[in-house]
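Input: a single structure, listed below in structure tokens.
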Amino acid sequence: MGAVVGRRLRDWLPALGVFLLGIALWQGLTTALNVQTFLLPKPSDIATAFWDNRTELWHAGLYTLREAAGGFAIGAGLGIIAALVLARFRRVGAALMPFAIAANAVPIIAFAPITNNWFGLLNPISKMSIAAVLCFFPTMVNTLRGLTSVHPSSIELMRSYAGGELAMFRRVRIPSSLPFMFTGLKVAAVLSMIGAIVGEYFGGPTNALGVSILNDSQLFNFPRAWAGILLASAFGIGLYGCVALAEHFTTGWHPSARAFNAE
Amino acid sequence: MSQGADTVVSISDVSKSFRTGVTALQGISLDIRQGEFVSLIGPSGCGKSTLLRIIGDLVQPSAGSVIVNGKPAHQARLDHDYGIVFQDAVLYDWRNVARNVSLPLEMLGWDRARRRERVKEMLELVELTGFESNRPWQLSGGMQQRVSIARALSFDPALLLMDEPFGALDEMTRERLNVELLQIWEKARSTVVFVTHSIPEAVYLSTRVVVMSPRPGRIAGVIEVDLPQPRTAETREDPRFFEHVTAVREVLAGGGQTSAKTPELF
């Protein structure tokens with residue numbers, strides 16, 4: 001196991017190098033070319049702004065993270081339930097899928113002002129609902145694909161054991177859909193943070209990260225706005241990481257995990 | 001066709017047409033006795049796999065009836081009277097070897113201790129002791145198929161249905177597994193229906209080879225293989241082995257003309 005971790009750290013080194021090089025270039029070029037702060041602040045300015053406002057930014061970030069995580073839980077949960085229902089009742093699925101696809105093409109973020117109006121500007125539910133709708137489709141579509149792409153021999157095998165639909169789902173469809181479901185959940189995790197932030201751009205409590213970023217940029221406090229954006233990115237990556245970790249522990253058997261397990 | 005007390009499978013005048021208008025099987029009648037090893041052989045499209053699935057109640061016949069273990073095929077399936085092995089092993093990656101073998105036992109409601117005991121016996125039978133906690137993808141194709149056979153026999157079914165189980169394996173692995181399958185058959189004393197398109201494999205394994213002809217699928221002839229048991233690697237070098245191979249080949253080649261002939265039943 002130690003060797004595995006060591007190898008993984010070594011694998012990360014090139015990426016870390018690129019990251020540090022990028023920051024150095026950013027710092028160097030903005031200084032050398034004397035780029036105005038309102039166009040692109042220096043990394044050192046952003047870091048300073050973050051440090052000076054760390055308590056407010058952190059709390060604002062946590063507030064928005066709660067909205068995103070809540071929306072993710074609701075949207076992904078409903079997406080999984082919908083996929084199970086559609087996989088079990090194919091005719092319902094055939095009737096509803098065109099609408100699901102059409103609904104998926106709707107720019108959901110455009111509804112943010114509407115949900116703010118429905119649930120109240122200061123109510124976190126207004127942001128959660130946008131995040132939830134964004135999370136619903138990728139989770140549902142991917143899980144459904146996993147549940148329905150089962151090898152015909154698997155179905156025959158379960159029938160030979162006199163297994164009904166319930167056994168088919170429990171023993172075959174659900175386990176084999178997990179890798180597909182996690183693909184959807186990882187997309188959803190990122191979308192949930194976007195949904196919450198954009199929802200806040202249309203109004204929200206002042207202790208929310210999206211509102212803070214918007215206010216800072218309107219007040220020309222760009223280093224602080226950038227610090228907020230980077231914090232939002234970090235929380236988005238964190239959500240993604242949580243899902244990836246859950247994936248690792250539940251689908252370690254999957255081919256994609258083989259190289260890692262073979263160590 | 002009389003149905004003796006030791007008849008495990010009784011197929012009477014079974015036909016199968018698909019909705020596309022293709023007649024896969026026409027007028028198939030065949031009795032299989034307890035302890036027989038019967039191969040169904042024929043070119044692609046002769047309906048041999050369809051016939052196997054009709055015996056297993058996985059495909060419904062358009063006409064005729066199938067009796068398995070003295071009851072309609074449907075009831076036999078619900079009663080777990082047969083185990084099935086497919087061309088691909090159909091093992092689940094999320095279960096280790098032991099838990100793949102115990103899958104039907106779980107569905108039959110066996111308790112944990114009994115399951116563990118049986119899995120141990122079955123893995124001994126297919127010589128995979130020590131691989132209990134391996135994942136299916138860590139095994140070779142031949143080993144995977146042995147796990148699949150262990151799973152199919154784990155609940156002691158009266159009948160074992162095998163649909164080209166070694167079709168995807170290389171010749172050397174196939175021959176080795178043929179020998180092992182016969183040893184398992186000896187020990188498990190079950191009745192086997194085996195679909196293949198390899199003539200030597202059919203002759204080597206079977207007590208009886210049922211040759212089928214295509215479009216529509218019919219029984220072109222039935223050849224008794226009275227080679228001595230138990231069969232060993234030397235059996236393949238026995239002149240009488242080649243005689244039987246030739247006999248099967250001739251029925252296969254003449255399948256078109258003799259297809260109207262009433263199948264000989266022994």
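Each chain of the structure tokens is named A, B, ... in the order shown, its residues numbered from 1; ligands are numbered from 1 in display order.
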
I want to know what sits within 6 Å of region 52-69 of chain A, based on only C-alpha atoms, with residues of the same chain fewer than 3 positions away left out; could you give that as a PyMOL selection string? chain A and resi 49+72+128+192-193+196+207-209

What does the file look like for those residues with N, CA and C atoms, as a compact mmCIF listing (two decimals), in the first residue's frame?
```
# COMPACT_ATOMS: atom_id res chain seq x y z
N ALA A 49 -5.15 38.94 -0.75
CA ALA A 49 -6.58 39.22 -0.58
C ALA A 49 -7.26 38.06 0.13
N PHE A 72 -26.93 18.75 -4.87
CA PHE A 72 -26.37 17.52 -5.42
C PHE A 72 -27.10 16.31 -4.85
N MET A 128 -30.37 25.56 -4.12
CA MET A 128 -30.33 24.09 -4.15
C MET A 128 -31.16 23.56 -5.31
N SER A 192 -23.06 21.07 -9.57
CA SER A 192 -23.79 21.56 -8.39
C SER A 192 -23.17 22.86 -7.88
N MET A 193 -21.84 22.95 -7.90
CA MET A 193 -21.17 24.16 -7.43
C MET A 193 -21.46 25.32 -8.40
N ALA A 196 -25.02 26.55 -7.76
CA ALA A 196 -25.17 27.35 -6.54
C ALA A 196 -24.60 28.75 -6.73
N ASN A 207 -23.56 36.70 2.90
CA ASN A 207 -22.53 35.75 3.34
C ASN A 207 -22.41 34.55 2.40
N ALA A 208 -22.91 34.72 1.15
CA ALA A 208 -22.77 33.63 0.17
C ALA A 208 -21.63 33.96 -0.78
N LEU A 209 -20.92 32.94 -1.24
CA LEU A 209 -19.71 33.16 -2.04
C LEU A 209 -20.02 33.85 -3.37
```

Using DSSP on the backbone coordinates, identify all residues within region 51-240 of chain B classified as strand (DSSP E or B); present the result as an NGL selection string. :B and (63-68 or 71-72 or 82-85 or 159-163 or 191-196 or 208-213 or 217-224)

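Using only C-alpha atoms, we find that the part of chain B lying within 9 Å of chain A comprises Gly56, Asp57, Leu58, Arg77, Leu78, Asp79, His80, Tyr82, Gly83, Ile84, Val85, Phe86, Asp88, Val90, Leu91, Tyr92, Asp93, Trp94, Arg95, Asn96, Leu103, Pro104, Met107, Leu108, Arg135 and Trp137 of chain B.
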
Show me, as a list in words, the residues that have an atom within 7 Å of region 44-50 of chain B when counting only C-alpha atoms, minus same-chain residues fewer than 4 positions from it. Ala24, Leu25, Leu40, Ile54, Asp163, Val195, Met212, Ser213, Pro214, Arg215, Pro216 and Gly217 of chain B

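Reported to one decimal place, the separation of CA of Gly203 (chain A) from CA of Leu230 (chain A) is 20.2 Å.
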
Surrounding residues of region 149-158 of chain B excluding itself and chain neighbours under 6 positions, 10 Å, only C-alpha atoms, as a ChimeraX atom specification: /A:157,160-161 /B:8,34-35,68-69,76,79-86,89,91,97-105,108,110,115,118-119,121-128,143,165,181,184-185,188-192

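Between Ala103 (chain A) and the residues A:Val133, A:Leu78, A:Leu86, A:Leu39, the shortest atom-to-atom distance, using only C-alpha atoms, involves A:Val133.
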
Would you please work out which residue, of A:Ser149, A:Thr143, A:Thr206, A:Asn34, is nearest to Leu84 (chain A) when using only C-alpha atoms? A:Thr143

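Distances from A:Ala105, A:Ala112, A:Leu121, A:Ile80 to Gly204 (chain A) were compared using only C-alpha atoms, and the smallest one belongs to A:Leu121.
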
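Nearest to Ala24 (chain A) of all the residues A:Thr48, A:Lys42, A:Gly210, A:Trp226 is A:Lys42, based on only C-alpha atoms.
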